[in-house]
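Undergrad: Have a look at the structure that comes next, please.
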Amino acid sequence: MGPETIPSPDDLLLLPEVAEITRRSIDTLRWLRHRGEGPRGHRSGRRVYYRRHDVMAWLDEQERQAEEVTGRSPQPAA
């Protein structure tokens, strides 16, 4: 994606791109998908595609769950 391209929520992402966005390893994302706990993906042949908005919604849900457990918002990175 070039600098002039604005990401769309409907963009299709491959596993390496999702790993970069979520900062999780490809193996972890595969394991989460196997358990039904990762971002929603769609299989086409041997490939799994993820919609950007599904990945972002999953990250938001992870953050919300962390806030419930700890009782506070995560601190921004310095």
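In the structure tokens, the first chain shown is A, the next is B, and so on; residue numbers restart at 1 for each chain, and ligands run from 1 in the order shown.
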Could you name the residues that touch Gly41 of chain A at 12 Å or less, counting only C-alpha atoms, but leaving out those on the same chain fewer than 5 positions away, as an NGL selection string?
TA: :A and (12-15 or 18 or 29-30 or 32-34 or 36 or 47-55 or 58)
Undergrad: For the residues in the current selection, export C-alpha atoms as a PDB file, in the first residue's frame.
TA:
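Dumped everything to out-v4.pdb:
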```pdb
ATOM      1  CA  LEU A  12      -8.430  -7.837   2.692  1.00  0.00           C
ATOM      2  CA  LEU A  13      -5.332  -8.677   4.703  1.00  0.00           C
ATOM      3  CA  LEU A  14      -3.148 -11.763   4.702  1.00  0.00           C
ATOM      4  CA  LEU A  15      -1.786 -13.377   7.842  1.00  0.00           C
ATOM      5  CA  VAL A  18      -2.447  -9.108  10.463  1.00  0.00           C
ATOM      6  CA  LEU A  29      -2.627 -16.019  15.147  1.00  0.00           C
ATOM      7  CA  ARG A  30      -2.964 -19.501  13.623  1.00  0.00           C
ATOM      8  CA  LEU A  32      -6.009 -18.363  18.031  1.00  0.00           C
ATOM      9  CA  ARG A  33      -7.893 -19.025  14.786  1.00  0.00           C
ATOM     10  CA  HIS A  34      -7.852 -22.772  15.493  1.00  0.00           C
ATOM     11  CA  GLY A  36     -11.900 -19.628  17.519  1.00  0.00           C
ATOM     12  CA  ARG A  47      -5.445 -18.940   2.127  1.00  0.00           C
ATOM     13  CA  VAL A  48      -7.116 -17.148   4.997  1.00  0.00           C
ATOM     14  CA  TYR A  49      -8.062 -13.522   4.478  1.00  0.00           C
ATOM     15  CA  TYR A  50      -8.997 -11.016   7.153  1.00  0.00           C
ATOM     16  CA  ARG A  51     -10.993  -7.823   6.673  1.00  0.00           C
ATOM     17  CA  ARG A  52      -9.275  -4.834   8.241  1.00  0.00           C
ATOM     18  CA  HIS A  53     -12.414  -3.882  10.195  1.00  0.00           C
ATOM     19  CA  ASP A  54     -12.627  -7.401  11.716  1.00  0.00           C
ATOM     20  CA  VAL A  55      -9.007  -7.167  12.881  1.00  0.00           C
ATOM     21  CA  TRP A  58     -10.943  -7.799  17.579  1.00  0.00           C
TER      22      TRP A  58
END
```
Undergrad: Can you work out the spacing between atom CA of Ile26 of chain A and atom CA of Pro39 of chain A in Å, to one decimal?
TA: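 Those two atoms sit 12.5 Å apart.
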Undergrad: Would you mind writing down, as a ChimeraX atom specification, each residue of chain A that DSSP on the backbone assigns to alpha helix (DSSP H)?
TA: /A:15-22,26-35,52-70
Undergrad: Limited to C-alpha atoms, could you put the picked residues into a file as a PDB file, in the first residue's frame?
TA:
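Printed below is part_13.pdb as written:
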```pdb
ATOM      1  CA  LEU A  15      -1.786 -13.377   7.842  1.00  0.00           C
ATOM      2  CA  PRO A  16       1.617 -11.594   7.778  1.00  0.00           C
ATOM      3  CA  GLU A  17      -0.167  -8.222   7.552  1.00  0.00           C
ATOM      4  CA  VAL A  18      -2.447  -9.108  10.463  1.00  0.00           C
ATOM      5  CA  ALA A  19       0.590 -10.216  12.474  1.00  0.00           C
ATOM      6  CA  GLU A  20       2.212  -6.836  11.852  1.00  0.00           C
ATOM      7  CA  ILE A  21      -0.921  -4.892  12.841  1.00  0.00           C
ATOM      8  CA  THR A  22      -1.612  -6.948  15.984  1.00  0.00           C
ATOM      9  CA  ILE A  26       1.878 -15.757  12.724  1.00  0.00           C
ATOM     10  CA  ASP A  27       1.917 -18.985  14.770  1.00  0.00           C
ATOM     11  CA  THR A  28      -0.021 -17.308  17.592  1.00  0.00           C
ATOM     12  CA  LEU A  29      -2.627 -16.019  15.147  1.00  0.00           C
ATOM     13  CA  ARG A  30      -2.964 -19.501  13.623  1.00  0.00           C
ATOM     14  CA  TRP A  31      -3.413 -20.998  17.094  1.00  0.00           C
ATOM     15  CA  LEU A  32      -6.009 -18.363  18.031  1.00  0.00           C
ATOM     16  CA  ARG A  33      -7.893 -19.025  14.786  1.00  0.00           C
ATOM     17  CA  HIS A  34      -7.852 -22.772  15.493  1.00  0.00           C
ATOM     18  CA  ARG A  35      -9.377 -22.103  18.934  1.00  0.00           C
ATOM     19  CA  ARG A  52      -9.275  -4.834   8.241  1.00  0.00           C
ATOM     20  CA  HIS A  53     -12.414  -3.882  10.195  1.00  0.00           C
ATOM     21  CA  ASP A  54     -12.627  -7.401  11.716  1.00  0.00           C
ATOM     22  CA  VAL A  55      -9.007  -7.167  12.881  1.00  0.00           C
ATOM     23  CA  MET A  56      -9.542  -3.709  14.365  1.00  0.00           C
ATOM     24  CA  ALA A  57     -12.781  -4.814  16.083  1.00  0.00           C
ATOM     25  CA  TRP A  58     -10.943  -7.799  17.579  1.00  0.00           C
ATOM     26  CA  LEU A  59      -8.182  -5.526  18.896  1.00  0.00           C
ATOM     27  CA  ASP A  60     -10.800  -3.203  20.426  1.00  0.00           C
ATOM     28  CA  GLU A  61     -12.432  -6.207  22.114  1.00  0.00           C
ATOM     29  CA  GLN A  62      -9.071  -7.367  23.490  1.00  0.00           C
ATOM     30  CA  GLU A  63      -8.483  -3.900  24.941  1.00  0.00           C
ATOM     31  CA  ARG A  64     -11.994  -3.798  26.462  1.00  0.00           C
ATOM     32  CA  GLN A  65     -11.473  -7.189  28.098  1.00  0.00           C
ATOM     33  CA  ALA A  66      -8.111  -6.087  29.505  1.00  0.00           C
ATOM     34  CA  GLU A  67      -9.775  -2.997  31.008  1.00  0.00           C
ATOM     35  CA  GLU A  68     -12.415  -5.196  32.678  1.00  0.00           C
ATOM     36  CA  VAL A  69      -9.778  -7.454  34.204  1.00  0.00           C
ATOM     37  CA  THR A  70      -7.463  -4.698  35.427  1.00  0.00           C
TER      38      THR A  70
END
```
Undergrad: Select from chain A everything DSSP, run on the backbone, classes as strand (DSSP E or B), then give the selection as a short mmCIF file (atom, residue, chain, number, x, y, z; two decimals) with N, CA, C and O atoms, in the first residue's frame.
TA:
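Produced file out_35.cif, reproduced below:
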```cif
data_model
loop_
_atom_site.label_atom_id
_atom_site.label_comp_id
_atom_site.auth_asym_id
_atom_site.auth_seq_id
_atom_site.Cartn_x
_atom_site.Cartn_y
_atom_site.Cartn_z
N LEU A 12 -8.73 -6.45 2.35
CA LEU A 12 -8.43 -7.84 2.69
C LEU A 12 -6.96 -7.94 3.06
O LEU A 12 -6.09 -7.47 2.33
N LEU A 13 -6.69 -8.54 4.20
CA LEU A 13 -5.33 -8.68 4.70
C LEU A 13 -4.95 -10.15 4.77
O LEU A 13 -5.80 -11.01 5.05
N GLY A 41 -11.68 -14.57 10.27
CA GLY A 41 -11.02 -14.73 8.98
C GLY A 41 -11.91 -15.49 8.02
O GLY A 41 -12.90 -16.12 8.42
N HIS A 42 -11.56 -15.44 6.76
CA HIS A 42 -12.33 -16.08 5.71
C HIS A 42 -11.39 -16.91 4.86
O HIS A 42 -10.40 -16.39 4.34
N ARG A 43 -11.70 -18.20 4.71
CA ARG A 43 -10.85 -19.09 3.94
C ARG A 43 -11.26 -19.06 2.47
O ARG A 43 -12.44 -19.07 2.13
N SER A 44 -10.25 -19.01 1.62
CA SER A 44 -10.46 -19.12 0.18
C SER A 44 -9.37 -20.05 -0.33
O SER A 44 -8.20 -19.66 -0.43
N ARG A 47 -5.76 -20.22 1.48
CA ARG A 47 -5.44 -18.94 2.13
C ARG A 47 -6.57 -18.50 3.06
O ARG A 47 -7.72 -18.81 2.85
N VAL A 48 -6.15 -17.77 4.10
CA VAL A 48 -7.12 -17.15 5.00
C VAL A 48 -6.94 -15.64 4.85
O VAL A 48 -5.83 -15.12 4.92
N TYR A 49 -8.06 -14.98 4.61
CA TYR A 49 -8.06 -13.52 4.48
C TYR A 49 -8.80 -12.92 5.67
O TYR A 49 -9.73 -13.52 6.21
N TYR A 50 -8.37 -11.74 6.06
CA TYR A 50 -9.00 -11.02 7.15
C TYR A 50 -9.40 -9.64 6.64
O TYR A 50 -8.62 -8.98 5.95
N ARG A 51 -10.59 -9.19 7.00
CA ARG A 51 -10.99 -7.82 6.67
C ARG A 51 -10.42 -6.91 7.75
O ARG A 51 -10.43 -7.24 8.93
#
```
